>>> print(open('start22.txt').read())   # compact mmCIF, N, CA and C atoms and all ligand atoms
# COMPACT_ATOMS: atom_id res chain seq x y z
N MET F 1 -60.01 60.73 -157.49
CA MET F 1 -60.44 60.97 -158.87
C MET F 1 -61.87 60.45 -159.07
N ALA F 2 -62.64 61.21 -159.84
CA ALA F 2 -64.01 60.75 -160.11
C ALA F 2 -63.95 59.47 -160.93
N LEU F 3 -64.95 58.63 -160.72
CA LEU F 3 -64.98 57.36 -161.42
C LEU F 3 -65.15 57.57 -162.92
N TYR F 4 -66.00 58.54 -163.27
CA TYR F 4 -66.28 58.80 -164.69
C TYR F 4 -65.79 60.19 -165.08
N SER F 5 -65.23 60.28 -166.28
CA SER F 5 -64.75 61.57 -166.76
C SER F 5 -65.94 62.50 -167.04
N GLU F 6 -65.63 63.78 -167.14
CA GLU F 6 -66.65 64.78 -167.50
C GLU F 6 -67.32 64.40 -168.81
N LYS F 7 -66.47 63.92 -169.74
CA LYS F 7 -67.00 63.61 -171.08
C LYS F 7 -67.99 62.46 -171.02
N VAL F 8 -67.67 61.44 -170.22
CA VAL F 8 -68.59 60.31 -170.09
C VAL F 8 -69.92 60.83 -169.53
N MET F 9 -69.83 61.65 -168.49
CA MET F 9 -71.06 62.16 -167.87
C MET F 9 -71.85 63.02 -168.85
N ASP F 10 -71.12 63.83 -169.63
CA ASP F 10 -71.78 64.71 -170.60
C ASP F 10 -72.52 63.88 -171.66
N HIS F 11 -71.82 62.87 -172.21
CA HIS F 11 -72.45 62.05 -173.27
C HIS F 11 -73.55 61.16 -172.71
N PHE F 12 -73.45 60.83 -171.43
CA PHE F 12 -74.52 60.05 -170.81
C PHE F 12 -75.76 60.92 -170.59
N ARG F 13 -75.53 62.16 -170.12
CA ARG F 13 -76.67 63.03 -169.82
C ARG F 13 -77.29 63.63 -171.08
N ASN F 14 -76.42 63.94 -172.05
CA ASN F 14 -76.91 64.55 -173.30
C ASN F 14 -76.41 63.74 -174.49
N PRO F 15 -76.88 62.53 -174.64
CA PRO F 15 -76.35 61.71 -175.73
C PRO F 15 -76.65 62.34 -177.10
N ARG F 16 -75.65 62.30 -177.99
CA ARG F 16 -75.81 62.84 -179.35
C ARG F 16 -76.34 61.72 -180.26
N ASN F 17 -77.13 62.13 -181.23
CA ASN F 17 -77.57 61.21 -182.30
C ASN F 17 -78.39 60.02 -181.79
N VAL F 18 -79.27 60.30 -180.84
CA VAL F 18 -80.16 59.22 -180.38
C VAL F 18 -81.34 59.12 -181.34
N GLY F 19 -81.73 57.90 -181.65
CA GLY F 19 -82.93 57.72 -182.46
C GLY F 19 -82.77 56.68 -183.54
N VAL F 20 -83.66 56.78 -184.51
CA VAL F 20 -83.75 55.79 -185.58
C VAL F 20 -83.62 56.53 -186.91
N ILE F 21 -82.94 55.92 -187.88
CA ILE F 21 -82.95 56.47 -189.25
C ILE F 21 -83.86 55.55 -190.06
N GLU F 22 -85.01 56.09 -190.48
CA GLU F 22 -86.00 55.24 -191.17
C GLU F 22 -85.44 54.62 -192.44
N ASP F 23 -84.66 55.39 -193.20
CA ASP F 23 -84.16 54.84 -194.47
C ASP F 23 -82.67 54.48 -194.36
N ALA F 24 -82.27 54.00 -193.19
CA ALA F 24 -80.87 53.57 -193.00
C ALA F 24 -80.56 52.44 -193.99
N ASN F 25 -79.33 52.41 -194.49
CA ASN F 25 -78.95 51.28 -195.36
C ASN F 25 -77.89 50.40 -194.70
N ALA F 26 -77.71 50.58 -193.39
CA ALA F 26 -76.82 49.72 -192.62
C ALA F 26 -77.30 49.73 -191.18
N ILE F 27 -77.70 48.57 -190.70
CA ILE F 27 -78.21 48.49 -189.32
C ILE F 27 -77.47 47.38 -188.58
N GLY F 28 -76.97 47.70 -187.41
CA GLY F 28 -76.26 46.69 -186.63
C GLY F 28 -76.84 46.64 -185.22
N GLU F 29 -77.04 45.42 -184.75
CA GLU F 29 -77.55 45.28 -183.39
C GLU F 29 -76.71 44.24 -182.67
N VAL F 30 -76.25 44.60 -181.49
CA VAL F 30 -75.45 43.65 -180.71
C VAL F 30 -75.88 43.71 -179.25
N GLY F 31 -75.50 42.69 -178.52
CA GLY F 31 -75.83 42.67 -177.11
C GLY F 31 -74.70 42.01 -176.33
N ASN F 32 -74.71 42.29 -175.05
CA ASN F 32 -73.75 41.63 -174.18
C ASN F 32 -74.53 40.66 -173.31
N ALA F 33 -74.21 39.39 -173.45
CA ALA F 33 -75.00 38.35 -172.78
C ALA F 33 -74.91 38.47 -171.27
N LYS F 34 -73.78 38.96 -170.77
CA LYS F 34 -73.59 39.00 -169.31
C LYS F 34 -74.46 40.07 -168.66
N CYS F 35 -74.41 41.29 -169.20
CA CYS F 35 -75.17 42.37 -168.55
C CYS F 35 -76.54 42.54 -169.18
N GLY F 36 -76.74 41.97 -170.36
CA GLY F 36 -78.06 42.05 -171.02
C GLY F 36 -78.27 43.35 -171.77
N ASP F 37 -77.23 44.20 -171.87
CA ASP F 37 -77.40 45.47 -172.56
C ASP F 37 -77.42 45.26 -174.07
N ILE F 38 -78.18 46.13 -174.74
CA ILE F 38 -78.36 46.00 -176.19
C ILE F 38 -78.10 47.35 -176.85
N MET F 39 -77.41 47.30 -178.00
CA MET F 39 -77.11 48.53 -178.74
C MET F 39 -77.46 48.34 -180.20
N LYS F 40 -78.13 49.35 -180.76
CA LYS F 40 -78.51 49.28 -182.17
C LYS F 40 -78.02 50.55 -182.86
N MET F 41 -77.35 50.38 -183.99
CA MET F 41 -76.82 51.52 -184.75
C MET F 41 -77.46 51.56 -186.12
N TYR F 42 -77.87 52.74 -186.53
CA TYR F 42 -78.44 52.96 -187.86
C TYR F 42 -77.50 53.89 -188.63
N LEU F 43 -77.06 53.46 -189.80
CA LEU F 43 -76.19 54.30 -190.62
C LEU F 43 -76.83 54.56 -191.97
N LYS F 44 -76.62 55.76 -192.44
CA LYS F 44 -77.02 56.10 -193.80
C LYS F 44 -75.72 56.37 -194.54
N ILE F 45 -75.37 55.43 -195.43
CA ILE F 45 -74.10 55.53 -196.13
C ILE F 45 -74.35 55.95 -197.58
N GLU F 46 -73.66 57.00 -197.99
CA GLU F 46 -73.78 57.45 -199.37
C GLU F 46 -72.41 57.74 -199.93
N ASN F 47 -72.13 57.19 -201.12
CA ASN F 47 -70.83 57.38 -201.78
C ASN F 47 -69.67 57.07 -200.84
N GLY F 48 -69.82 56.01 -200.06
CA GLY F 48 -68.72 55.58 -199.21
C GLY F 48 -68.51 56.42 -197.96
N ILE F 49 -69.47 57.32 -197.68
CA ILE F 49 -69.34 58.20 -196.51
C ILE F 49 -70.54 57.98 -195.58
N VAL F 50 -70.29 58.01 -194.28
CA VAL F 50 -71.39 57.91 -193.32
C VAL F 50 -72.05 59.29 -193.24
N GLU F 51 -73.16 59.43 -193.97
CA GLU F 51 -73.83 60.73 -194.02
C GLU F 51 -74.59 61.00 -192.72
N ASP F 52 -75.14 59.92 -192.15
CA ASP F 52 -75.89 60.11 -190.91
C ASP F 52 -75.79 58.84 -190.07
N VAL F 53 -75.91 59.00 -188.79
CA VAL F 53 -75.85 57.84 -187.89
C VAL F 53 -76.67 58.16 -186.63
N LYS F 54 -77.43 57.16 -186.21
CA LYS F 54 -78.19 57.31 -184.97
C LYS F 54 -78.13 55.99 -184.20
N PHE F 55 -78.43 56.07 -182.92
CA PHE F 55 -78.38 54.83 -182.13
C PHE F 55 -79.51 54.75 -181.13
N GLU F 56 -79.78 53.52 -180.75
CA GLU F 56 -80.69 53.24 -179.62
C GLU F 56 -79.93 52.28 -178.72
N THR F 57 -79.76 52.66 -177.49
CA THR F 57 -79.05 51.78 -176.56
C THR F 57 -79.90 51.55 -175.31
N PHE F 58 -80.12 50.28 -175.08
CA PHE F 58 -80.80 49.90 -173.85
C PHE F 58 -79.70 49.36 -172.96
N GLY F 59 -79.12 50.25 -172.16
CA GLY F 59 -77.98 49.77 -171.40
C GLY F 59 -77.49 50.76 -170.38
N CYS F 60 -76.32 50.48 -169.86
CA CYS F 60 -75.76 51.27 -168.77
C CYS F 60 -75.28 52.63 -169.27
N GLY F 61 -74.93 53.49 -168.35
CA GLY F 61 -74.46 54.83 -168.70
C GLY F 61 -73.24 54.82 -169.59
N SER F 62 -72.30 53.92 -169.32
CA SER F 62 -71.08 53.86 -170.14
C SER F 62 -71.41 53.40 -171.56
N ALA F 63 -72.39 52.52 -171.71
CA ALA F 63 -72.78 52.07 -173.04
C ALA F 63 -73.44 53.22 -173.80
N ILE F 64 -74.24 54.01 -173.10
CA ILE F 64 -74.89 55.15 -173.76
C ILE F 64 -73.84 56.18 -174.17
N ALA F 65 -72.92 56.48 -173.25
CA ALA F 65 -71.85 57.44 -173.56
C ALA F 65 -70.98 56.92 -174.71
N SER F 66 -70.69 55.61 -174.71
CA SER F 66 -69.86 55.03 -175.78
C SER F 66 -70.58 55.11 -177.12
N SER F 67 -71.87 54.82 -177.14
CA SER F 67 -72.61 54.89 -178.42
C SER F 67 -72.62 56.31 -178.93
N SER F 68 -72.89 57.24 -178.02
CA SER F 68 -72.96 58.64 -178.41
C SER F 68 -71.61 59.09 -178.99
N MET F 69 -70.53 58.80 -178.30
CA MET F 69 -69.21 59.20 -178.78
C MET F 69 -68.88 58.51 -180.10
N ALA F 70 -69.22 57.23 -180.21
CA ALA F 70 -68.91 56.49 -181.44
C ALA F 70 -69.63 57.12 -182.63
N THR F 71 -70.89 57.55 -182.43
CA THR F 71 -71.61 58.16 -183.56
C THR F 71 -70.92 59.46 -183.97
N GLU F 72 -70.43 60.21 -182.99
CA GLU F 72 -69.75 61.46 -183.32
C GLU F 72 -68.45 61.18 -184.08
N LEU F 73 -67.78 60.09 -183.70
CA LEU F 73 -66.49 59.79 -184.33
C LEU F 73 -66.66 59.34 -185.78
N ILE F 74 -67.78 58.70 -186.10
CA ILE F 74 -67.90 58.16 -187.47
C ILE F 74 -68.73 59.03 -188.40
N LYS F 75 -69.45 59.98 -187.85
CA LYS F 75 -70.31 60.82 -188.69
C LYS F 75 -69.46 61.62 -189.67
N GLY F 76 -69.81 61.52 -190.96
CA GLY F 76 -69.08 62.26 -191.99
C GLY F 76 -67.79 61.59 -192.42
N GLN F 77 -67.50 60.43 -191.87
CA GLN F 77 -66.23 59.75 -192.18
C GLN F 77 -66.38 58.75 -193.32
N PRO F 78 -65.30 58.53 -194.09
CA PRO F 78 -65.34 57.49 -195.12
C PRO F 78 -65.31 56.11 -194.46
N LEU F 79 -65.85 55.11 -195.17
CA LEU F 79 -65.92 53.77 -194.59
C LEU F 79 -64.55 53.23 -194.22
N SER F 80 -63.51 53.62 -194.98
CA SER F 80 -62.17 53.13 -194.67
C SER F 80 -61.76 53.53 -193.25
N GLU F 81 -62.17 54.71 -192.83
CA GLU F 81 -61.87 55.17 -191.47
C GLU F 81 -62.78 54.49 -190.45
N VAL F 82 -64.04 54.36 -190.82
CA VAL F 82 -65.03 53.79 -189.90
C VAL F 82 -64.63 52.36 -189.53
N ARG F 83 -64.11 51.63 -190.54
CA ARG F 83 -63.70 50.23 -190.30
C ARG F 83 -62.58 50.14 -189.26
N LYS F 84 -61.82 51.22 -189.13
CA LYS F 84 -60.66 51.19 -188.21
C LYS F 84 -61.04 51.53 -186.77
N LEU F 85 -62.28 51.96 -186.56
CA LEU F 85 -62.65 52.42 -185.22
C LEU F 85 -62.62 51.26 -184.21
N THR F 86 -61.89 51.48 -183.14
CA THR F 86 -61.81 50.45 -182.10
C THR F 86 -62.49 50.94 -180.83
N ASN F 87 -62.80 50.02 -179.96
CA ASN F 87 -63.40 50.42 -178.69
C ASN F 87 -62.42 51.26 -177.87
N LYS F 88 -61.13 51.01 -178.07
CA LYS F 88 -60.12 51.80 -177.35
C LYS F 88 -60.19 53.26 -177.75
N ALA F 89 -60.36 53.48 -179.05
CA ALA F 89 -60.45 54.86 -179.55
C ALA F 89 -61.69 55.54 -178.98
N VAL F 90 -62.79 54.80 -178.87
CA VAL F 90 -64.02 55.36 -178.29
C VAL F 90 -63.78 55.73 -176.83
N ALA F 91 -63.17 54.80 -176.09
CA ALA F 91 -62.90 55.05 -174.67
C ALA F 91 -61.94 56.22 -174.50
N GLU F 92 -60.93 56.30 -175.37
CA GLU F 92 -59.97 57.41 -175.26
C GLU F 92 -60.65 58.74 -175.54
N ALA F 93 -61.53 58.75 -176.54
CA ALA F 93 -62.25 59.99 -176.87
C ALA F 93 -63.13 60.43 -175.70
N LEU F 94 -63.51 59.48 -174.87
CA LEU F 94 -64.32 59.81 -173.68
C LEU F 94 -63.43 60.14 -172.48
N ASP F 95 -62.14 60.25 -172.72
CA ASP F 95 -61.16 60.48 -171.64
C ASP F 95 -61.13 59.30 -170.67
N GLY F 96 -61.37 58.11 -171.21
CA GLY F 96 -61.20 56.89 -170.42
C GLY F 96 -62.50 56.39 -169.80
N LEU F 97 -62.48 55.08 -169.55
CA LEU F 97 -63.58 54.42 -168.83
C LEU F 97 -62.93 53.58 -167.76
N PRO F 98 -63.62 53.34 -166.66
CA PRO F 98 -63.04 52.43 -165.66
C PRO F 98 -62.83 51.05 -166.29
N ALA F 99 -61.80 50.35 -165.87
CA ALA F 99 -61.44 49.07 -166.50
C ALA F 99 -62.63 48.12 -166.60
N TYR F 100 -63.44 48.06 -165.56
CA TYR F 100 -64.54 47.10 -165.60
C TYR F 100 -65.71 47.57 -166.46
N LYS F 101 -65.54 48.77 -167.06
CA LYS F 101 -66.57 49.29 -167.95
C LYS F 101 -66.09 49.33 -169.41
N MET F 102 -64.89 48.82 -169.64
CA MET F 102 -64.37 48.83 -171.01
C MET F 102 -65.26 48.02 -171.95
N HIS F 103 -65.86 46.95 -171.42
CA HIS F 103 -66.69 46.11 -172.30
C HIS F 103 -67.87 46.89 -172.88
N CYS F 104 -68.26 47.97 -172.22
CA CYS F 104 -69.37 48.77 -172.73
C CYS F 104 -68.96 49.47 -174.03
N SER F 105 -67.68 49.87 -174.11
CA SER F 105 -67.22 50.50 -175.35
C SER F 105 -67.07 49.45 -176.46
N VAL F 106 -66.84 48.21 -176.06
CA VAL F 106 -66.74 47.12 -177.06
C VAL F 106 -68.07 46.99 -177.81
N LEU F 107 -69.16 47.19 -177.09
CA LEU F 107 -70.48 47.10 -177.75
C LEU F 107 -70.56 48.10 -178.91
N ALA F 108 -70.02 49.31 -178.70
CA ALA F 108 -70.09 50.33 -179.75
C ALA F 108 -69.29 49.89 -180.98
N GLU F 109 -68.10 49.37 -180.75
CA GLU F 109 -67.28 48.88 -181.88
C GLU F 109 -68.04 47.76 -182.61
N GLU F 110 -68.60 46.85 -181.83
CA GLU F 110 -69.28 45.70 -182.45
C GLU F 110 -70.55 46.12 -183.19
N ALA F 111 -71.26 47.10 -182.64
CA ALA F 111 -72.51 47.54 -183.30
C ALA F 111 -72.18 48.16 -184.65
N ILE F 112 -71.10 48.94 -184.70
CA ILE F 112 -70.72 49.56 -185.97
C ILE F 112 -70.24 48.48 -186.95
N ARG F 113 -69.47 47.53 -186.46
CA ARG F 113 -68.98 46.46 -187.33
C ARG F 113 -70.17 45.66 -187.90
N SER F 114 -71.13 45.40 -187.03
CA SER F 114 -72.30 44.64 -187.48
C SER F 114 -73.09 45.45 -188.52
N ALA F 115 -73.17 46.78 -188.35
CA ALA F 115 -73.85 47.61 -189.35
C ALA F 115 -73.09 47.57 -190.68
N LEU F 116 -71.77 47.57 -190.62
CA LEU F 116 -70.98 47.53 -191.87
C LEU F 116 -71.17 46.19 -192.57
N GLU F 117 -71.27 45.12 -191.79
CA GLU F 117 -71.52 43.79 -192.40
C GLU F 117 -72.88 43.79 -193.09
N ASP F 118 -73.84 44.39 -192.42
CA ASP F 118 -75.19 44.49 -192.99
C ASP F 118 -75.12 45.26 -194.31
N TYR F 119 -74.38 46.37 -194.30
CA TYR F 119 -74.25 47.19 -195.50
C TYR F 119 -73.63 46.39 -196.64
N GLU F 120 -72.57 45.65 -196.30
CA GLU F 120 -71.90 44.87 -197.34
C GLU F 120 -72.81 43.79 -197.91
N SER F 121 -73.58 43.13 -197.04
CA SER F 121 -74.46 42.08 -197.58
C SER F 121 -75.56 42.69 -198.43
N ARG F 122 -76.04 43.88 -198.05
CA ARG F 122 -77.06 44.54 -198.89
C ARG F 122 -76.47 44.94 -200.24
N THR F 123 -75.23 45.44 -200.23
CA THR F 123 -74.60 45.88 -201.47
C THR F 123 -74.41 44.69 -202.39
N GLN F 124 -74.02 43.55 -201.81
CA GLN F 124 -73.84 42.35 -202.64
C GLN F 124 -75.16 41.91 -203.24
N GLU F 125 -76.21 41.96 -202.42
CA GLU F 125 -77.54 41.56 -202.93
C GLU F 125 -77.96 42.47 -204.07
N ASN F 126 -77.71 43.78 -203.90
CA ASN F 126 -78.08 44.72 -204.96
C ASN F 126 -77.29 44.44 -206.23
N ALA F 127 -76.00 44.11 -206.05
CA ALA F 127 -75.16 43.83 -207.22
C ALA F 127 -75.70 42.59 -207.93
N LEU F 128 -76.09 41.57 -207.15
CA LEU F 128 -76.62 40.35 -207.75
C LEU F 128 -77.94 40.65 -208.46
N ALA F 129 -78.80 41.45 -207.82
CA ALA F 129 -80.08 41.81 -208.42
C ALA F 129 -79.85 42.57 -209.72
N ASP F 130 -78.86 43.48 -209.69
CA ASP F 130 -78.56 44.24 -210.91
C ASP F 130 -78.13 43.31 -212.02
N ARG F 131 -77.27 42.35 -211.63
CA ARG F 131 -76.74 41.43 -212.63
C ARG F 131 -77.87 40.58 -213.24
N SER F 132 -78.80 40.12 -212.36
CA SER F 132 -79.84 39.26 -212.91
C SER F 132 -80.81 40.09 -213.76
N SER F 133 -81.02 41.36 -213.40
CA SER F 133 -81.91 42.14 -214.27
C SER F 133 -81.19 42.47 -215.58
N GLU F 134 -79.86 42.60 -215.51
CA GLU F 134 -79.07 42.82 -216.75
C GLU F 134 -79.28 41.64 -217.68
N SER F 135 -79.19 40.40 -217.11
CA SER F 135 -79.22 39.23 -217.97
C SER F 135 -80.62 39.00 -218.56
N LEU F 136 -81.61 39.67 -217.97
CA LEU F 136 -82.97 39.52 -218.52
C LEU F 136 -83.19 40.42 -219.73
N LYS F 137 -82.29 41.38 -219.86
CA LYS F 137 -82.48 42.36 -220.95
C LYS F 137 -82.23 41.74 -222.30
S1 LIG K 1 -72.74 47.13 -168.20
FE1 LIG K 1 -73.43 46.25 -170.05
S2 LIG K 1 -72.73 47.55 -171.58
FE2 LIG K 1 -72.18 48.51 -169.74
>>> encode(input="start22.txt", output="structure tokens", more="lines below")
Ligand code: FES
Amino acid sequence: MALYSEKVMDHFRNPRNVGVIEDANAIGEVGNAKCGDIMKMYLKIENGIVEDVKFETFGCGSAIASSSMATELIKGQPLSEVRKLTNKAVAEALDGLPAYKMHCSVLAEEAIRSALEDYESRTQENALADRSSESLK
């Protein structure tokens, strides 16, 4: 059996949604200290839906394939679904990863989680700013 599935090779060779979203309102960046790979996710969230998502991954082929697949899985999805995305689901959507490459899919889960945390902290800041401008009126 080939080490990597067709899907992994396809997403590695032709990654979807590569790049930067200039006006992203949720950005997550994570790294794996052991291999040194880094993944950055940019999300544009509107009305609770991921309207757009792009990524930059400085890492191995499995990390690139995982980021690409993860962006496809969350694009157009409500945040309630995005929060449920696990690295296992990413790996399954890629028709599996070798066991010693599973940690690469973990980066994708963590990058999205970190972007959602960023989004939540921005939303809270906006709510606080709104409240303080309200009280000035
Ligand atoms: S080897 Fe580091 S993410 Fe794949």
>>> closest_residue(input="start22.txt", among="F:Arg122, F:Arg16, F:His103, F:Lys84", to="ligand LIG 1 (chain K)", atoms="all atoms listed in the file")
F:His103
>>> closest_atom_pairs(input="start22.txt", of="chain F", to="ligand LIG 1 (chain K)", cutoff="5 Å", atoms="all atoms listed in the file", output="tab-separated table")
residue	atom	partner	partner_atom	distance
F:Cys35	CA	K:LIG1	FE1	4.5
F:Asp37	N	K:LIG1	FE1	4.7
F:Cys60	N	K:LIG1	FE2	4.6
F:Ala63	N	K:LIG1	FE2	4.5
F:Cys104	CA	K:LIG1	S2	3.8
>>> atom_distance(input="start22.txt", atom1="atom N of Arg113 (chain F)", atom2="CA of Val20 (chain F)")
16.5 Å
>>> closest_residue(input="start22.txt", among="F:Ser114, F:Gly19, F:Tyr4, F:Ile49", to="Met102 (chain F)", atoms="only C-alpha atoms")
F:Tyr4
>>> atom_distance(input="start22.txt", atom1="CA of Ala33 (chain F)", atom2="atom C of Tyr100 (chain F)")
14.5 Å
>>> closest_residue(input="start22.txt", among="F:Ile74, F:Ala65, F:Leu116, F:Leu85", to="Gly28 (chain F)", atoms="all atoms listed in the file")
F:Leu116
>>> residues_near_point(input="start22.txt", point="(-64.0, 55.4, -180.1)", cutoff="8 Å", atoms="all atoms listed in the file", output="PDB file with N, CA and C atoms, keeping the file's coordinate frame")
ATOM      1  N   SER F  66     -70.690  55.610-174.710  1.00  0.00           N
ATOM      2  CA  SER F  66     -69.860  55.030-175.780  1.00  0.00           C
ATOM      3  C   SER F  66     -70.580  55.110-177.120  1.00  0.00           C
ATOM      4  N   MET F  69     -70.530  58.800-178.300  1.00  0.00           N
ATOM      5  CA  MET F  69     -69.210  59.200-178.780  1.00  0.00           C
ATOM      6  C   MET F  69     -68.880  58.510-180.100  1.00  0.00           C
ATOM      7  N   ALA F  70     -69.220  57.230-180.210  1.00  0.00           N
ATOM      8  CA  ALA F  70     -68.910  56.490-181.440  1.00  0.00           C
ATOM      9  C   ALA F  70     -69.630  57.120-182.630  1.00  0.00           C
ATOM     10  N   THR F  71     -70.890  57.550-182.430  1.00  0.00           N
ATOM     11  CA  THR F  71     -71.610  58.160-183.560  1.00  0.00           C
ATOM     12  C   THR F  71     -70.920  59.460-183.970  1.00  0.00           C
ATOM     13  N   LEU F  73     -67.780  60.090-183.700  1.00  0.00           N
ATOM     14  CA  LEU F  73     -66.490  59.790-184.330  1.00  0.00           C
ATOM     15  C   LEU F  73     -66.660  59.340-185.780  1.00  0.00           C
ATOM     16  N   ILE F  74     -67.780  58.700-186.100  1.00  0.00           N
ATOM     17  CA  ILE F  74     -67.900  58.160-187.470  1.00  0.00           C
ATOM     18  C   ILE F  74     -68.730  59.030-188.400  1.00  0.00           C
ATOM     19  N   LEU F  85     -62.280  51.960-186.560  1.00  0.00           N
ATOM     20  CA  LEU F  85     -62.650  52.420-185.220  1.00  0.00           C
ATOM     21  C   LEU F  85     -62.620  51.260-184.210  1.00  0.00           C
ATOM     22  N   THR F  86     -61.890  51.480-183.140  1.00  0.00           N
ATOM     23  CA  THR F  86     -61.810  50.450-182.100  1.00  0.00           C
ATOM     24  C   THR F  86     -62.490  50.940-180.830  1.00  0.00           C
ATOM     25  N   ASN F  87     -62.800  50.020-179.960  1.00  0.00           N
ATOM     26  CA  ASN F  87     -63.400  50.420-178.690  1.00  0.00           C
ATOM     27  C   ASN F  87     -62.420  51.260-177.870  1.00  0.00           C
ATOM     28  N   LYS F  88     -61.130  51.010-178.070  1.00  0.00           N
ATOM     29  CA  LYS F  88     -60.120  51.800-177.350  1.00  0.00           C
ATOM     30  C   LYS F  88     -60.190  53.260-177.750  1.00  0.00           C
ATOM     31  N   ALA F  89     -60.360  53.480-179.050  1.00  0.00           N
ATOM     32  CA  ALA F  89     -60.450  54.860-179.550  1.00  0.00           C
ATOM     33  C   ALA F  89     -61.690  55.540-178.980  1.00  0.00           C
ATOM     34  N   VAL F  90     -62.790  54.800-178.870  1.00  0.00           N
ATOM     35  CA  VAL F  90     -64.020  55.360-178.290  1.00  0.00           C
ATOM     36  C   VAL F  90     -63.780  55.730-176.830  1.00  0.00           C
ATOM     37  N   ALA F  91     -63.170  54.800-176.090  1.00  0.00           N
ATOM     38  CA  ALA F  91     -62.900  55.050-174.670  1.00  0.00           C
ATOM     39  C   ALA F  91     -61.940  56.220-174.500  1.00  0.00           C
ATOM     40  N   GLU F  92     -60.930  56.300-175.370  1.00  0.00           N
ATOM     41  CA  GLU F  92     -59.970  57.410-175.260  1.00  0.00           C
ATOM     42  C   GLU F  92     -60.650  58.740-175.540  1.00  0.00           C
ATOM     43  N   ALA F  93     -61.530  58.750-176.540  1.00  0.00           N
ATOM     44  CA  ALA F  93     -62.250  59.990-176.870  1.00  0.00           C
ATOM     45  C   ALA F  93     -63.130  60.430-175.700  1.00  0.00           C
ATOM     46  N   LEU F  94     -63.510  59.480-174.870  1.00  0.00           N
ATOM     47  CA  LEU F  94     -64.320  59.810-173.680  1.00  0.00           C
ATOM     48  C   LEU F  94     -63.430  60.140-172.480  1.00  0.00           C
ATOM     49  N   SER F 105     -67.680  49.870-174.110  1.00  0.00           N
ATOM     50  CA  SER F 105     -67.220  50.500-175.350  1.00  0.00           C
ATOM     51  C   SER F 105     -67.070  49.450-176.460  1.00  0.00           C
ATOM     52  N   ALA F 108     -70.020  49.310-178.700  1.00  0.00           N
ATOM     53  CA  ALA F 108     -70.090  50.330-179.750  1.00  0.00           C
ATOM     54  C   ALA F 108     -69.290  49.890-180.980  1.00  0.00           C
ATOM     55  N   GLU F 109     -68.100  49.370-180.750  1.00  0.00           N
ATOM     56  CA  GLU F 109     -67.280  48.880-181.880  1.00  0.00           C
ATOM     57  C   GLU F 109     -68.040  47.760-182.610  1.00  0.00           C
TER      58      GLU F 109
END
